[in-house]
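Participant: Okay, here's the structure, questions in a sec.
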Amino acid sequence: MLYNNKLNKLQERGYRMSTKPKLSMYWASSCGGCEVSLVNINEKILDLAANFDFYFCPCLLDTKKKDIEALEDGEIAITFFNGAIRTSENEEMAHLMREKSKILIAFGSCSYEGCIPALSNLHTKAAHFKSIYLDNPTVDNPHGIVPKTETEVPEGTLAIPAFYESVRTLSQVTDVDYSIPGCPPEPKQVWGVIEAVIQGKALPPKGSSLGAGNSTVCRECERKKEDKKITRFYRTWEIIPDTQACLLDQGLICMGIATADGCGALCPKVNMPCTGCYGPPVGTLDQGAKMVAALGAIIDIGEKKGLSEDELVRCVDHIIDSIPDYSGTFYKYSLAGSILGGKRG
Amino acid sequence: MSEDTLLDTAEGFEPKIVGFLCNWCSYAGADKAGGSQKSYPPNVSVIRVMCSGRVDPQFVLKAYSAGADGVLILACHPGDCHYKEGNYMAMQRHRILLRMLSEHGIDSARCRFDYVSAAEGDRFIEILTEMVDTIRALGPMVSDNTVGNKIMVKRS
């Protein structure tokens, strides 16, 4: 009400509501890095403001949910939705933003394929509550209090959003027009998408991913690749890798081989293996399975002649023992959107 | 959960197994079993692949999400691969895949890798019968991993 009064006063003084198309950005279960990525388009943000009415973004602006509810359906031209769907609030906002937006874009790895929040899909909600609120050495909770959606207090009933059994991607909850992968998406790719819309370029078919290439990170990586024969895997702290040779050749698990390009191979450039944040490349359904396929083909156990079936298995197991965390490595960003979707139940 | 899975859980569960058989050895082995008019459990849907090395772990996961309770990958014996080392790659992938599946709560018996030559019709029957019995005891796939995502949810 207060807001409407202020608005009326502004309008009386001659201020007009913007006629530019509305752009909004919402965060669900996310870290805020996607907003930073948008702001990192730097001075281009002025071009964005010149072409769009940047209407709603809880991280940066003061517009409220009720302002969105007051809009007509489809009144927002584009919504960048970042963050995974972890709670009932996330889902409610996903439906609201869908309703009010012409184009809804899953922005960043969390809303596109689950990202880090979705690693929790390897455990149940009950297990999370136990380790967070009850069974934790730094928590003192003698009454065993865990969050409930409704709590009675003398003043009435307090309600908080429900914590879902598992994390879902935006497209598993509502209809999504496009996705922009990345954790976070590269600012130049974000700007590329916004610029294309400003210039009125034809948009690709619904469901496409924007701001990513058609190949893998290896295409953008300038390291020297050779025939791969891996006799043991290393974790990043165990060796100082050569700066010219392919990281995977050196036994570091670089996910570049099973990850879409578009980032410019930023991590391998600074001697860190790719962790796969741009998600599966075009034509791949499941990033983790693809990585298993790749690693399985390049492990080298040496001379196989004369080895029994059991000995072969032992040699392979010895090498793969040096991989510390299979799902966490292969599905670091894509668990919710993967074929199995995690372990549940 | 599909209707037939519900029925399966209720009574008389019949495991559904997808078998990837290499063209040069294992498929011929299975053919030999059929050619000799031997009977074997009808639970397997055989997919012939040119080489066990062609079996992408994605195929295995897709089989599960499409309702398979187990996946069987059969290859030429070590040293016998038509393409020299395809069967080694299949075996190596299988070892990594098993560990990943166990983190997803999927029993290793649901993904079996073995060697069957063109002459081993009986061995094919033996492996298949063993697998059907094991999975019948384990129950349907949903008891391991309740919610697989429907395949083709993303760009295909």
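Ordered as shown in the structure tokens, chains take letters A, B, and onward, while each chain numbers its residues from 1 and ligands are numbered from 1 in the order shown.
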Excluding B:Ala137 and residues on its chain fewer than 3 positions from it, collect all residues at most 12 Å away from it, counting only C-alpha atoms, and give them as a PyMOL selection string.

Facilitator: chain B and resi 9+12-15+69+107+109-110+130-134+140-141+143

Participant: Let's see if you can do this: from backbone DSSP, list all strand (DSSP E) residues in stretch 58-146 of chain A, as a PDB file with C-alpha atoms, in the first residue's frame.

Facilitator:
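Heads up, here's the output in selection.pdb:
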ATOM      1  CA  ILE A  76       8.318  -9.510 -18.236  1.00  0.00           C
ATOM      2  CA  ALA A  77      10.213  -9.964 -21.493  1.00  0.00           C
ATOM      3  CA  ILE A  78      13.066 -12.069 -20.126  1.00  0.00           C
ATOM      4  CA  THR A  79      13.728 -13.682 -16.774  1.00  0.00           C
ATOM      5  CA  PHE A  80      17.124 -15.075 -15.869  1.00  0.00           C
ATOM      6  CA  PHE A  81      16.338 -17.675 -13.241  1.00  0.00           C
ATOM      7  CA  ASN A  82      19.342 -18.898 -11.324  1.00  0.00           C
ATOM      8  CA  ILE A  85      14.755 -25.928  -6.676  1.00  0.00           C
ATOM      9  CA  ARG A  86      15.406 -27.004  -3.101  1.00  0.00           C
ATOM     10  CA  THR A  87      12.408 -25.640  -1.166  1.00  0.00           C
ATOM     11  CA  SER A 101       7.712 -14.002 -18.237  1.00  0.00           C
ATOM     12  CA  LYS A 102       7.643 -14.349 -22.005  1.00  0.00           C
ATOM     13  CA  ILE A 103      11.063 -16.000 -22.021  1.00  0.00           C
ATOM     14  CA  LEU A 104      12.243 -17.928 -18.984  1.00  0.00           C
ATOM     15  CA  ILE A 105      15.932 -18.777 -19.047  1.00  0.00           C
ATOM     16  CA  ALA A 106      17.589 -21.274 -16.701  1.00  0.00           C
ATOM     17  CA  PHE A 107      20.636 -19.166 -15.884  1.00  0.00           C
TER      18      PHE A 107
END

Participant: May I have the residues of chain A within 9 Å of chain B, counting only C-alpha atoms, written as a PDB file with C-alpha atoms, in the first residue's frame?

Facilitator:
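Written output follows (out21.pdb):
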ATOM      1  CA  LEU A 122      23.197 -38.537  -2.979  1.00  0.00           C
ATOM      2  CA  SER A 171      13.092 -27.508 -16.185  1.00  0.00           C
ATOM      3  CA  GLN A 172      11.980 -30.377 -13.935  1.00  0.00           C
ATOM      4  CA  GLY A 207      15.078 -25.735 -25.354  1.00  0.00           C
ATOM      5  CA  SER A 208      18.477 -24.797 -26.799  1.00  0.00           C
ATOM      6  CA  SER A 209      21.307 -23.842 -24.585  1.00  0.00           C
ATOM      7  CA  VAL A 282      25.805 -31.278 -27.288  1.00  0.00           C
ATOM      8  CA  GLY A 283      24.696 -34.836 -28.000  1.00  0.00           C
ATOM      9  CA  THR A 284      25.527 -36.094 -24.506  1.00  0.00           C
ATOM     10  CA  LEU A 285      22.755 -36.983 -22.104  1.00  0.00           C
ATOM     11  CA  ASP A 286      24.791 -37.716 -19.035  1.00  0.00           C
ATOM     12  CA  GLN A 287      28.061 -35.994 -18.242  1.00  0.00           C
ATOM     13  CA  GLY A 288      29.153 -38.474 -15.566  1.00  0.00           C
ATOM     14  CA  ALA A 289      28.565 -41.525 -17.729  1.00  0.00           C
ATOM     15  CA  LYS A 290      30.471 -39.857 -20.541  1.00  0.00           C
ATOM     16  CA  MET A 291      33.408 -39.238 -18.218  1.00  0.00           C
ATOM     17  CA  VAL A 292      33.357 -42.886 -17.166  1.00  0.00           C
ATOM     18  CA  ALA A 293      33.456 -43.814 -20.858  1.00  0.00           C
ATOM     19  CA  ALA A 294      36.426 -41.520 -21.435  1.00  0.00           C
ATOM     20  CA  LEU A 295      38.438 -42.614 -18.402  1.00  0.00           C
ATOM     21  CA  GLY A 296      37.684 -46.287 -19.030  1.00  0.00           C
ATOM     22  CA  ALA A 297      39.240 -45.990 -22.457  1.00  0.00           C
ATOM     23  CA  ILE A 298      42.476 -44.296 -21.420  1.00  0.00           C
ATOM     24  CA  ILE A 299      43.477 -46.244 -18.322  1.00  0.00           C
ATOM     25  CA  LYS A 304      47.853 -57.562 -20.493  1.00  0.00           C
ATOM     26  CA  LYS A 305      49.085 -60.699 -22.190  1.00  0.00           C
ATOM     27  CA  GLY A 306      48.883 -63.753 -19.976  1.00  0.00           C
ATOM     28  CA  LEU A 307      46.873 -62.045 -17.239  1.00  0.00           C
ATOM     29  CA  SER A 308      43.801 -63.895 -16.010  1.00  0.00           C
ATOM     30  CA  GLU A 309      40.394 -62.209 -15.911  1.00  0.00           C
ATOM     31  CA  LEU A 312      43.004 -57.774 -15.117  1.00  0.00           C
ATOM     32  CA  VAL A 313      40.276 -56.594 -12.752  1.00  0.00           C
ATOM     33  CA  VAL A 316      42.246 -51.783 -13.117  1.00  0.00           C
ATOM     34  CA  ASP A 317      40.921 -51.502  -9.563  1.00  0.00           C
ATOM     35  CA  ILE A 320      40.902 -46.406 -10.115  1.00  0.00           C
ATOM     36  CA  ASP A 325      34.926 -39.408  -5.158  1.00  0.00           C
ATOM     37  CA  TYR A 326      33.222 -40.746  -8.268  1.00  0.00           C
ATOM     38  CA  SER A 327      29.843 -39.021  -8.287  1.00  0.00           C
ATOM     39  CA  PHE A 330      31.855 -36.730 -12.497  1.00  0.00           C
ATOM     40  CA  ALA A 336      19.960 -33.381 -10.654  1.00  0.00           C
ATOM     41  CA  GLY A 337      19.786 -33.275 -14.441  1.00  0.00           C
ATOM     42  CA  SER A 338      21.578 -36.606 -14.921  1.00  0.00           C
ATOM     43  CA  ILE A 339      19.839 -39.816 -15.951  1.00  0.00           C
ATOM     44  CA  LEU A 340      19.869 -41.355 -12.477  1.00  0.00           C
ATOM     45  CA  GLY A 341      19.428 -38.029 -10.716  1.00  0.00           C
ATOM     46  CA  GLY A 342      21.235 -39.177  -7.585  1.00  0.00           C
ATOM     47  CA  LYS A 343      20.551 -41.696  -4.874  1.00  0.00           C
ATOM     48  CA  ARG A 344      17.170 -41.353  -3.274  1.00  0.00           C
ATOM     49  CA  GLY A 345      15.391 -43.523  -0.825  1.00  0.00           C
TER      50      GLY A 345
END

Participant: Give me every alpha helix (DSSP H) residue in chain B, going by DSSP on the backbone, as a count of residues only.

Facilitator: 63

Participant: Name all residues at most 8 Å from stretch 194-204 of chain A (count only C-alpha atoms; drop same-chain ones fewer than 3 positions away) and give them as a ChimeraX atom specification.

Facilitator: /A:48,51,190-191,208

Participant: Could you turn the residues from that selection into a file that holds N, CA and C atoms, as a short mmCIF file (atom, residue, chain, number, x, y, z; two decimals), in the first residue's frame?

Facilitator:
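Saved file result-v9.cif follows:
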data_model
loop_
_atom_site.label_atom_id
_atom_site.label_comp_id
_atom_site.auth_asym_id
_atom_site.auth_seq_id
_atom_site.Cartn_x
_atom_site.Cartn_y
_atom_site.Cartn_z
N LEU A 48 22.48 -2.43 -21.20
CA LEU A 48 21.35 -3.25 -20.77
C LEU A 48 20.24 -2.36 -20.23
N ASN A 51 18.24 -0.49 -22.81
CA ASN A 51 17.32 -1.26 -23.64
C ASN A 51 16.24 -1.99 -22.85
N VAL A 190 27.08 -14.17 -21.39
CA VAL A 190 25.83 -13.56 -20.94
C VAL A 190 25.52 -12.35 -21.80
N TRP A 191 26.55 -11.52 -22.00
CA TRP A 191 26.35 -10.34 -22.81
C TRP A 191 25.99 -10.72 -24.25
N SER A 208 17.04 -24.84 -26.50
CA SER A 208 18.48 -24.80 -26.80
C SER A 208 19.24 -24.24 -25.61
#

Participant: Within 7 Å of A:Cys315, counting only C-alpha atoms, which residues show up once you throw out same-chain ones fewer than 4 positions away? Write them as JSON, numbers by chain, please.

Facilitator: {"A": [301, 311, 319]}

Participant: With a distance cut-off of 8 Å and only C-alpha atoms, select the neighbouring residues of B:Cys25, excluding the residue or stretch itself and same-chain residues fewer than 6 positions from it, and output the selection as a list of chain:residue names.

Facilitator: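 Answer for this query is B:Ala75, B:Cys76, B:Val116, B:Ser117, B:Ala118, B:Ala119.
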
Participant: For C-alpha atoms, I'd like the residues from the last selection saved as a short mmCIF file (atom, residue, chain, number, x, y, z; two decimals), in the first residue's frame.

Facilitator:
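As a result, out-v7.cif now contains:
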data_model
loop_
_atom_site.label_atom_id
_atom_site.label_comp_id
_atom_site.auth_asym_id
_atom_site.auth_seq_id
_atom_site.Cartn_x
_atom_site.Cartn_y
_atom_site.Cartn_z
CA ALA B 75 32.46 -59.49 -24.50
CA CYS B 76 35.06 -61.65 -26.20
CA VAL B 116 31.36 -65.35 -23.68
CA SER B 117 32.97 -66.75 -26.82
CA ALA B 118 31.17 -67.82 -29.99
CA ALA B 119 31.45 -71.44 -28.90
#

Participant: Report, in Å to a single decimal, how far apart atom CA of B:Lys16 and atom CA of B:Ala68 are.

Facilitator: 5.1 Å

Participant: Name the residues in contact with A:Ala127 at a cut-off of 12 Å, using only C-alpha atoms, excluding same-chain residues fewer than 6 positions from it; report them as a PyMOL selection string.

Facilitator: chain A and resi 120-121+133-136+165-166+344-345

Participant: Can you work out the spacing between atom CA of B:Ile73 and atom CA of B:Pro42 in Å, to one decimal?

Facilitator: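 Interatomic distance here is 16.6 Å.
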
Participant: Need the shell around A:Glu238: protein/DNA/RNA residues with any atom at most 12 Å away, counting only C-alpha atoms. Skip same-chain ones fewer than 6 positions apart. Format as a list in words?

Facilitator: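 Contacts, in chain order: Arg232, Gln250, Gly251, Leu252 and Ser322 of chain A.
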
Participant: Write the selection just made, keeping C-alpha atoms, as a PDB file, in the first residue's frame?

Facilitator:
ATOM      1  CA  ARG A 232      47.503 -43.549 -12.007  1.00  0.00           C
ATOM      2  CA  GLN A 250      49.302 -36.074 -16.566  1.00  0.00           C
ATOM      3  CA  GLY A 251      46.775 -38.071 -14.540  1.00  0.00           C
ATOM      4  CA  LEU A 252      44.664 -35.198 -13.231  1.00  0.00           C
ATOM      5  CA  SER A 322      43.169 -43.272  -6.754  1.00  0.00           C
TER       6      SER A 322
END

Participant: When you draw a straight line from atom CA of B:Arg123 to atom CA of B:Lys84, how long is it in Å?

Facilitator: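 About the pair atom CA of B:Arg123 and atom CA of B:Lys84: they are 22.4 Å apart.
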
Participant: Counting only C-alpha atoms, figure out which residue out of A:Glu89, A:Asn271, A:Thr216, A:Ala50 gets nearest to A:Lys65.

Facilitator: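 Going through A:Glu89, A:Asn271, A:Thr216, A:Ala50 one by one, the smallest distance to A:Lys65 is for A:Glu89.
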